[in-house]
Amino acid sequence: MPYGEIEYEVRDAIATITLHRPDRMNAFTYTMCAELIDAFDRIDADDDVRAVVVTGAGRAFCAGADLGHGGATFDREKSPDRYQGDTDVLEDGTPRDGGGKVALRIARCLKPVIAAFNGAAVGVGVTLTLPMDVRLASDKARFGFVFARRGIVTEAASSWFLPRLVGIAQAMEWAATGRVFDAGEALAGGLVSRVYPPDELLPAAYALAREIADNTSAVSVAVIRRLMWSGLSAPSPWDAHGADSRLMAALGGAPDAAEGVTSFLEKRPARFVMRISEDLPAEVPDWPVP
């Protein structure tokens with residue numbers, strides 16, 4: 001599909017998604033929602049993509065939901081055009097939260113995803129990044145889980161993701177106050193991994209993506225990603241051990257395992273040949289399509 005609110009590019013095995021409504025600080029819309037889901041579908045279908053970088057155009061990453069409908073912004077009956085095309089509903093008939101649809105699609109992605117916060121990330125602009133694997137920030141970035149100040153609730157499955165990333169006390173402080181905070185606090189609280197001067201942010205994100213693309217097995221990374229995220233809700237380490245063991249058995253005799261050991265012993269770069277589209281083990285944990 002052609003994109004109007006994001007930009008999508010693949011270069012040297014790295015996909016870049018740029019939220020692209022700079023005149024609106026990349027505010028989230030249901031058009032952007034559909035385009036992001038489509039982009040991640042393309043990423044998973046393309047074996048040549050090994051890692052993903054997500055950033056924003058202009059001075060913001062994403063300023064949250066587009067509030068162009070004023071007080072009716074979150075009222076589905078009074079703002080029907082905002083929800084046009086969003087026909088997905090939960091089992092009880094409740095219309096699905098759009099940010100959650102994006103977050104769950106990202107969670108299901110088979111490639112590692114790196115967020116590069118170039119500026120403000122507020123509301124859905126930060127919650128949709130919680131299922132990304134690494135979050136890096138410019139020292140100019142600002143963050144806010146502002147929902148309580150707008151009379152609504154945390155969305156995009158962030159009530160599940162955020163406490164697991166930063167702990168319940170930190171999650172509740174940010175969500176209950178709804179205040180905007182700087183990159184230093186985001187770093188101290190565990191929301192982001194590292195903070196950079198603005199001109200060093202994207203080079204750092206691409207360097208991390210390049211390290212993954214150049215040195216690892218695509219299938220191994222995809223399986224590890226699923227194990228890590230599914231492990232967050234495993235009932236016990238014994239259950240996690242079972243999942244690990246099944247996948248070690250599935251991959252231990254596969255070509256990439258042989259190549260990984262042989263290349264190490266021969267002191268040369270590995271040449272991994274397995275492809276996600278063809279070689280992902282059946283034992284990999286799976287989730288419903290969002």
# chains A, B, ... in the order shown; residues from 1 in each chain; ligands from 1

$ residues_around --residues "Leu136 (chain A)" --least-positions-apart "2" --cutoff "12 Å" --atoms "only C-alpha atoms" --output "PDB file with N, CA and C atoms, in the first residue's frame"
ATOM      1  N   VAL A  53      14.610   0.186  12.503  1.00  0.00           N
ATOM      2  CA  VAL A  53      14.769   1.430  13.261  1.00  0.00           C
ATOM      3  C   VAL A  53      13.513   2.265  13.032  1.00  0.00           C
ATOM      4  N   VAL A  54      12.918   2.753  14.119  1.00  0.00           N
ATOM      5  CA  VAL A  54      11.718   3.592  14.036  1.00  0.00           C
ATOM      6  C   VAL A  54      12.053   4.960  14.627  1.00  0.00           C
ATOM      7  N   THR A  55      11.772   6.022  13.872  1.00  0.00           N
ATOM      8  CA  THR A  55      12.047   7.375  14.342  1.00  0.00           C
ATOM      9  C   THR A  55      10.954   8.311  13.831  1.00  0.00           C
ATOM     10  N   PHE A  61       9.107  12.885  17.920  1.00  0.00           N
ATOM     11  CA  PHE A  61       8.932  11.476  17.564  1.00  0.00           C
ATOM     12  C   PHE A  61       7.457  11.247  17.269  1.00  0.00           C
ATOM     13  N   VAL A 113      13.539  -4.598  16.919  1.00  0.00           N
ATOM     14  CA  VAL A 113      13.047  -3.254  16.607  1.00  0.00           C
ATOM     15  C   VAL A 113      13.684  -2.252  17.572  1.00  0.00           C
ATOM     16  N   ILE A 114      14.252  -1.195  17.011  1.00  0.00           N
ATOM     17  CA  ILE A 114      14.945  -0.164  17.780  1.00  0.00           C
ATOM     18  C   ILE A 114      14.198   1.148  17.620  1.00  0.00           C
ATOM     19  N   ALA A 115      13.784   1.753  18.719  1.00  0.00           N
ATOM     20  CA  ALA A 115      13.168   3.078  18.681  1.00  0.00           C
ATOM     21  C   ALA A 115      14.253   4.125  18.844  1.00  0.00           C
ATOM     22  N   ALA A 116      14.217   5.153  18.017  1.00  0.00           N
ATOM     23  CA  ALA A 116      15.156   6.273  18.114  1.00  0.00           C
ATOM     24  C   ALA A 116      14.329   7.533  18.354  1.00  0.00           C
ATOM     25  N   PHE A 117      14.201   7.918  19.629  1.00  0.00           N
ATOM     26  CA  PHE A 117      13.370   9.060  20.008  1.00  0.00           C
ATOM     27  C   PHE A 117      14.116  10.362  19.697  1.00  0.00           C
ATOM     28  N   ASN A 118      13.759  10.980  18.595  1.00  0.00           N
ATOM     29  CA  ASN A 118      14.415  12.222  18.199  1.00  0.00           C
ATOM     30  C   ASN A 118      13.817  13.444  18.881  1.00  0.00           C
ATOM     31  N   GLY A 119      12.642  13.302  19.477  1.00  0.00           N
ATOM     32  CA  GLY A 119      11.975  14.420  20.135  1.00  0.00           C
ATOM     33  C   GLY A 119      10.851  13.917  21.008  1.00  0.00           C
ATOM     34  N   ALA A 121       7.793  12.285  22.762  1.00  0.00           N
ATOM     35  CA  ALA A 121       7.055  11.028  22.623  1.00  0.00           C
ATOM     36  C   ALA A 121       6.056  10.979  23.770  1.00  0.00           C
ATOM     37  N   THR A 129       5.785   2.209  21.490  1.00  0.00           N
ATOM     38  CA  THR A 129       7.174   1.760  21.411  1.00  0.00           C
ATOM     39  C   THR A 129       7.537   0.743  22.488  1.00  0.00           C
ATOM     40  N   LEU A 130       6.658   0.502  23.449  1.00  0.00           N
ATOM     41  CA  LEU A 130       7.019  -0.365  24.571  1.00  0.00           C
ATOM     42  C   LEU A 130       7.335  -1.797  24.149  1.00  0.00           C
ATOM     43  N   MET A 132       8.889  -2.521  21.467  1.00  0.00           N
ATOM     44  CA  MET A 132      10.154  -2.505  20.730  1.00  0.00           C
ATOM     45  C   MET A 132      11.248  -3.009  21.661  1.00  0.00           C
ATOM     46  N   ASP A 133      12.351  -3.469  21.102  1.00  0.00           N
ATOM     47  CA  ASP A 133      13.356  -4.170  21.893  1.00  0.00           C
ATOM     48  C   ASP A 133      14.355  -3.248  22.572  1.00  0.00           C
ATOM     49  N   VAL A 134      14.715  -2.179  21.909  1.00  0.00           N
ATOM     50  CA  VAL A 134      15.670  -1.215  22.459  1.00  0.00           C
ATOM     51  C   VAL A 134      15.139   0.176  22.161  1.00  0.00           C
ATOM     52  N   SER A 138      17.399  10.965  21.980  1.00  0.00           N
ATOM     53  CA  SER A 138      18.123  12.230  21.948  1.00  0.00           C
ATOM     54  C   SER A 138      17.991  12.907  23.303  1.00  0.00           C
ATOM     55  N   ASP A 139      18.986  13.678  23.683  1.00  0.00           N
ATOM     56  CA  ASP A 139      18.872  14.399  24.957  1.00  0.00           C
ATOM     57  C   ASP A 139      17.844  15.528  24.889  1.00  0.00           C
ATOM     58  N   LYS A 140      17.277  15.744  23.707  1.00  0.00           N
ATOM     59  CA  LYS A 140      16.190  16.720  23.554  1.00  0.00           C
ATOM     60  C   LYS A 140      14.810  16.062  23.675  1.00  0.00           C
ATOM     61  N   ALA A 141      14.763  14.737  23.763  1.00  0.00           N
ATOM     62  CA  ALA A 141      13.483  14.030  23.803  1.00  0.00           C
ATOM     63  C   ALA A 141      12.763  14.293  25.127  1.00  0.00           C
ATOM     64  N   ALA A 183      14.754  13.185  29.008  1.00  0.00           N
ATOM     65  CA  ALA A 183      15.454  11.970  28.635  1.00  0.00           C
ATOM     66  C   ALA A 183      16.296  11.421  29.782  1.00  0.00           C
ATOM     67  N   GLY A 184      16.818  12.296  30.626  1.00  0.00           N
ATOM     68  CA  GLY A 184      17.592  11.829  31.766  1.00  0.00           C
ATOM     69  C   GLY A 184      16.755  10.997  32.711  1.00  0.00           C
ATOM     70  N   ALA A 186      14.003   9.407  31.851  1.00  0.00           N
ATOM     71  CA  ALA A 186      13.656   8.187  31.111  1.00  0.00           C
ATOM     72  C   ALA A 186      14.782   7.164  31.196  1.00  0.00           C
ATOM     73  N   LEU A 187      16.030   7.644  31.146  1.00  0.00           N
ATOM     74  CA  LEU A 187      17.179   6.761  31.267  1.00  0.00           C
ATOM     75  C   LEU A 187      17.274   6.185  32.676  1.00  0.00           C
ATOM     76  N   GLY A 190      14.669   3.499  33.312  1.00  0.00           N
ATOM     77  CA  GLY A 190      14.726   2.275  32.523  1.00  0.00           C
ATOM     78  C   GLY A 190      13.864   2.266  31.280  1.00  0.00           C
ATOM     79  N   LEU A 191      13.272   3.421  30.940  1.00  0.00           N
ATOM     80  CA  LEU A 191      12.446   3.468  29.727  1.00  0.00           C
ATOM     81  C   LEU A 191      13.307   3.439  28.470  1.00  0.00           C
ATOM     82  N   VAL A 192      14.461   4.111  28.517  1.00  0.00           N
ATOM     83  CA  VAL A 192      15.402   4.092  27.401  1.00  0.00           C
ATOM     84  C   VAL A 192      16.728   3.522  27.873  1.00  0.00           C
ATOM     85  N   SER A 193      17.504   2.995  26.915  1.00  0.00           N
ATOM     86  CA  SER A 193      18.777   2.363  27.253  1.00  0.00           C
ATOM     87  C   SER A 193      19.935   3.348  27.274  1.00  0.00           C
ATOM     88  N   ARG A 194      19.909   4.306  26.347  1.00  0.00           N
ATOM     89  CA  ARG A 194      21.002   5.267  26.241  1.00  0.00           C
ATOM     90  C   ARG A 194      20.464   6.579  25.709  1.00  0.00           C
ATOM     91  N   VAL A 195      21.183   7.663  26.009  1.00  0.00           N
ATOM     92  CA  VAL A 195      20.815   9.004  25.567  1.00  0.00           C
ATOM     93  C   VAL A 195      22.000   9.601  24.822  1.00  0.00           C
ATOM     94  N   TYR A 196      21.706  10.270  23.700  1.00  0.00           N
ATOM     95  CA  TYR A 196      22.753  10.806  22.832  1.00  0.00           C
ATOM     96  C   TYR A 196      22.468  12.258  22.470  1.00  0.00           C
ATOM     97  N   PRO A 197      23.496  13.027  22.102  1.00  0.00           N
ATOM     98  CA  PRO A 197      23.239  14.314  21.443  1.00  0.00           C
ATOM     99  C   PRO A 197      22.446  14.063  20.165  1.00  0.00           C
ATOM    100  N   PRO A 198      21.622  15.009  19.740  1.00  0.00           N
ATOM    101  CA  PRO A 198      20.729  14.762  18.600  1.00  0.00           C
ATOM    102  C   PRO A 198      21.416  14.229  17.355  1.00  0.00           C
ATOM    103  N   GLU A 200      23.919  12.371  17.104  1.00  0.00           N
ATOM    104  CA  GLU A 200      24.507  11.044  17.280  1.00  0.00           C
ATOM    105  C   GLU A 200      23.452   9.952  17.428  1.00  0.00           C
ATOM    106  N   LEU A 201      22.180  10.343  17.515  1.00  0.00           N
ATOM    107  CA  LEU A 201      21.126   9.370  17.810  1.00  0.00           C
ATOM    108  C   LEU A 201      20.958   8.339  16.700  1.00  0.00           C
ATOM    109  N   LEU A 202      20.679   8.780  15.480  1.00  0.00           N
ATOM    110  CA  LEU A 202      20.451   7.813  14.402  1.00  0.00           C
ATOM    111  C   LEU A 202      21.705   7.013  14.072  1.00  0.00           C
ATOM    112  N   PRO A 203      22.896   7.623  14.033  1.00  0.00           N
ATOM    113  CA  PRO A 203      24.079   6.785  13.835  1.00  0.00           C
ATOM    114  C   PRO A 203      24.208   5.680  14.880  1.00  0.00           C
ATOM    115  N   ALA A 204      23.869   5.977  16.132  1.00  0.00           N
ATOM    116  CA  ALA A 204      23.933   4.948  17.178  1.00  0.00           C
ATOM    117  C   ALA A 204      22.903   3.853  16.932  1.00  0.00           C
ATOM    118  N   ALA A 205      21.685   4.245  16.529  1.00  0.00           N
ATOM    119  CA  ALA A 205      20.648   3.249  16.250  1.00  0.00           C
ATOM    120  C   ALA A 205      21.048   2.348  15.088  1.00  0.00           C
ATOM    121  N   TYR A 206      21.604   2.958  14.037  1.00  0.00           N
ATOM    122  CA  TYR A 206      22.017   2.156  12.891  1.00  0.00           C
ATOM    123  C   TYR A 206      23.229   1.288  13.208  1.00  0.00           C
ATOM    124  N   ALA A 207      24.114   1.759  14.064  1.00  0.00           N
ATOM    125  CA  ALA A 207      25.263   0.939  14.450  1.00  0.00           C
ATOM    126  C   ALA A 207      24.807  -0.312  15.186  1.00  0.00           C
ATOM    127  N   LEU A 208      23.812  -0.166  16.045  1.00  0.00           N
ATOM    128  CA  LEU A 208      23.266  -1.316  16.765  1.00  0.00           C
ATOM    129  C   LEU A 208      22.579  -2.272  15.794  1.00  0.00           C
TER     130      LEU A 208
END

$ residues_around --residues "Val10 (chain A)" --least-positions-apart "5" --cutoff "10 Å" --atoms "only C-alpha atoms" --output "NGL selection string"
:A and (15-17 or 43 or 46 or 48-52)

$ select_by_dssp --residues "region 61-216 of chain A" --states "strand (DSSP E or B)" --output "PyMOL selection string"
chain A and resi 61-62+65+89+95+113-117+120-122+134-138+142-144+180-182+194-196

$ residues_around --residues "region 86-99 of chain A" --least-positions-apart "4" --cutoff "8 Å" --atoms "only C-alpha atoms" --output "PyMOL selection string"
chain A and resi 30+33+103+124+127-128+155-156

$ closest_residue --among "A:Thr31, A:Ser263, A:Ser245, A:Ser236" --to "Asn215 (chain A)" --atoms "only C-alpha atoms"
A:Ser263

$ decode --residues "region 120-235 of chain A" --atoms "C-alpha atoms" --output "compact mmCIF listing (two decimals), in the first residue's frame"
# COMPACT_ATOMS: atom_id res chain seq x y z
CA ALA A 120 8.74 14.41 22.10
CA ALA A 121 7.05 11.03 22.62
CA VAL A 122 3.77 11.47 24.47
CA GLY A 123 0.71 9.27 24.97
CA VAL A 124 0.45 6.69 22.21
CA GLY A 125 3.69 8.18 20.90
CA VAL A 126 5.51 6.41 23.71
CA THR A 127 3.19 3.47 24.48
CA LEU A 128 3.39 2.08 20.95
CA THR A 129 7.17 1.76 21.41
CA LEU A 130 7.02 -0.36 24.57
CA PRO A 131 7.09 -3.68 22.66
CA MET A 132 10.15 -2.50 20.73
CA ASP A 133 13.36 -4.17 21.89
CA VAL A 134 15.67 -1.22 22.46
CA ARG A 135 14.79 2.44 22.97
CA LEU A 136 17.42 5.12 22.39
CA ALA A 137 16.80 8.84 22.91
CA SER A 138 18.12 12.23 21.95
CA ASP A 139 18.87 14.40 24.96
CA LYS A 140 16.19 16.72 23.55
CA ALA A 141 13.48 14.03 23.80
CA ARG A 142 10.60 14.37 26.24
CA PHE A 143 8.17 11.69 27.39
CA GLY A 144 4.74 11.58 28.96
CA PHE A 145 2.14 8.98 29.88
CA VAL A 146 -0.42 11.79 29.98
CA PHE A 147 -3.65 9.78 29.88
CA ALA A 148 -4.93 10.67 33.35
CA ARG A 149 -4.57 14.36 32.46
CA ARG A 150 -6.82 13.76 29.44
CA GLY A 151 -9.46 11.80 31.35
CA ILE A 152 -8.71 8.49 29.65
CA VAL A 153 -6.58 5.42 30.43
CA THR A 154 -3.25 3.94 29.47
CA GLU A 155 -3.70 2.10 26.16
CA ALA A 156 -1.72 0.14 23.57
CA ALA A 157 -1.45 -2.72 26.10
CA SER A 158 0.86 -0.47 28.10
CA SER A 159 -0.66 -1.66 31.39
CA TRP A 160 1.05 -4.97 30.55
CA PHE A 161 4.26 -3.69 28.93
CA LEU A 162 5.23 -0.69 31.05
CA PRO A 163 5.40 -2.31 34.52
CA ARG A 164 7.42 -5.17 33.05
CA LEU A 165 9.91 -2.73 31.56
CA VAL A 166 10.34 -0.25 34.41
CA GLY A 167 8.65 -1.82 37.44
CA ILE A 168 5.22 -1.13 38.90
CA ALA A 169 6.27 1.79 41.12
CA GLN A 170 7.90 3.73 38.30
CA ALA A 171 5.08 2.88 35.89
CA MET A 172 2.44 4.13 38.34
CA GLU A 173 4.34 7.32 39.14
CA TRP A 174 4.53 8.28 35.49
CA ALA A 175 0.96 7.19 34.68
CA ALA A 176 -0.72 8.59 37.81
CA THR A 177 0.91 12.01 37.56
CA GLY A 178 0.70 12.19 33.77
CA ARG A 179 3.64 14.60 33.82
CA VAL A 180 6.09 15.11 30.99
CA PHE A 181 9.70 14.22 31.84
CA ASP A 182 13.07 14.49 30.16
CA ALA A 183 15.45 11.97 28.63
CA GLY A 184 17.59 11.83 31.77
CA GLU A 185 14.64 10.65 33.83
CA ALA A 186 13.66 8.19 31.11
CA LEU A 187 17.18 6.76 31.27
CA ALA A 188 17.25 6.58 35.06
CA GLY A 189 13.81 4.92 35.10
CA GLY A 190 14.73 2.28 32.52
CA LEU A 191 12.45 3.47 29.73
CA VAL A 192 15.40 4.09 27.40
CA SER A 193 18.78 2.36 27.25
CA ARG A 194 21.00 5.27 26.24
CA VAL A 195 20.82 9.00 25.57
CA TYR A 196 22.75 10.81 22.83
CA PRO A 197 23.24 14.31 21.44
CA PRO A 198 20.73 14.76 18.60
CA ASP A 199 23.24 14.32 15.79
CA GLU A 200 24.51 11.04 17.28
CA LEU A 201 21.13 9.37 17.81
CA LEU A 202 20.45 7.81 14.40
CA PRO A 203 24.08 6.79 13.83
CA ALA A 204 23.93 4.95 17.18
CA ALA A 205 20.65 3.25 16.25
CA TYR A 206 22.02 2.16 12.89
CA ALA A 207 25.26 0.94 14.45
CA LEU A 208 23.27 -1.32 16.76
CA ALA A 209 21.10 -2.56 13.89
CA ARG A 210 24.23 -3.15 11.79
CA GLU A 211 25.85 -5.21 14.56
CA ILE A 212 22.79 -7.47 14.60
CA ALA A 213 22.59 -7.74 10.81
CA ASP A 214 26.29 -8.50 10.32
CA ASN A 215 26.94 -10.99 13.09
CA THR A 216 23.88 -13.06 13.94
CA SER A 217 21.58 -15.73 12.58
CA ALA A 218 18.24 -14.25 11.54
CA VAL A 219 16.42 -17.35 12.75
CA SER A 220 18.23 -17.32 16.10
CA VAL A 221 17.32 -13.67 16.70
CA ALA A 222 13.68 -14.27 15.75
CA VAL A 223 13.43 -17.23 18.11
CA ILE A 224 15.20 -15.41 20.95
CA ARG A 225 12.84 -12.45 20.55
CA ARG A 226 9.79 -14.71 20.87
CA LEU A 227 11.30 -16.54 23.84
CA MET A 228 12.11 -13.30 25.65
CA TRP A 229 8.69 -11.70 25.21
CA SER A 230 6.73 -14.89 25.90
CA GLY A 231 8.97 -15.52 28.91
CA LEU A 232 7.73 -12.33 30.57
CA SER A 233 4.46 -14.09 31.31
CA ALA A 234 5.75 -17.63 31.76
CA PRO A 235 4.31 -19.13 34.96
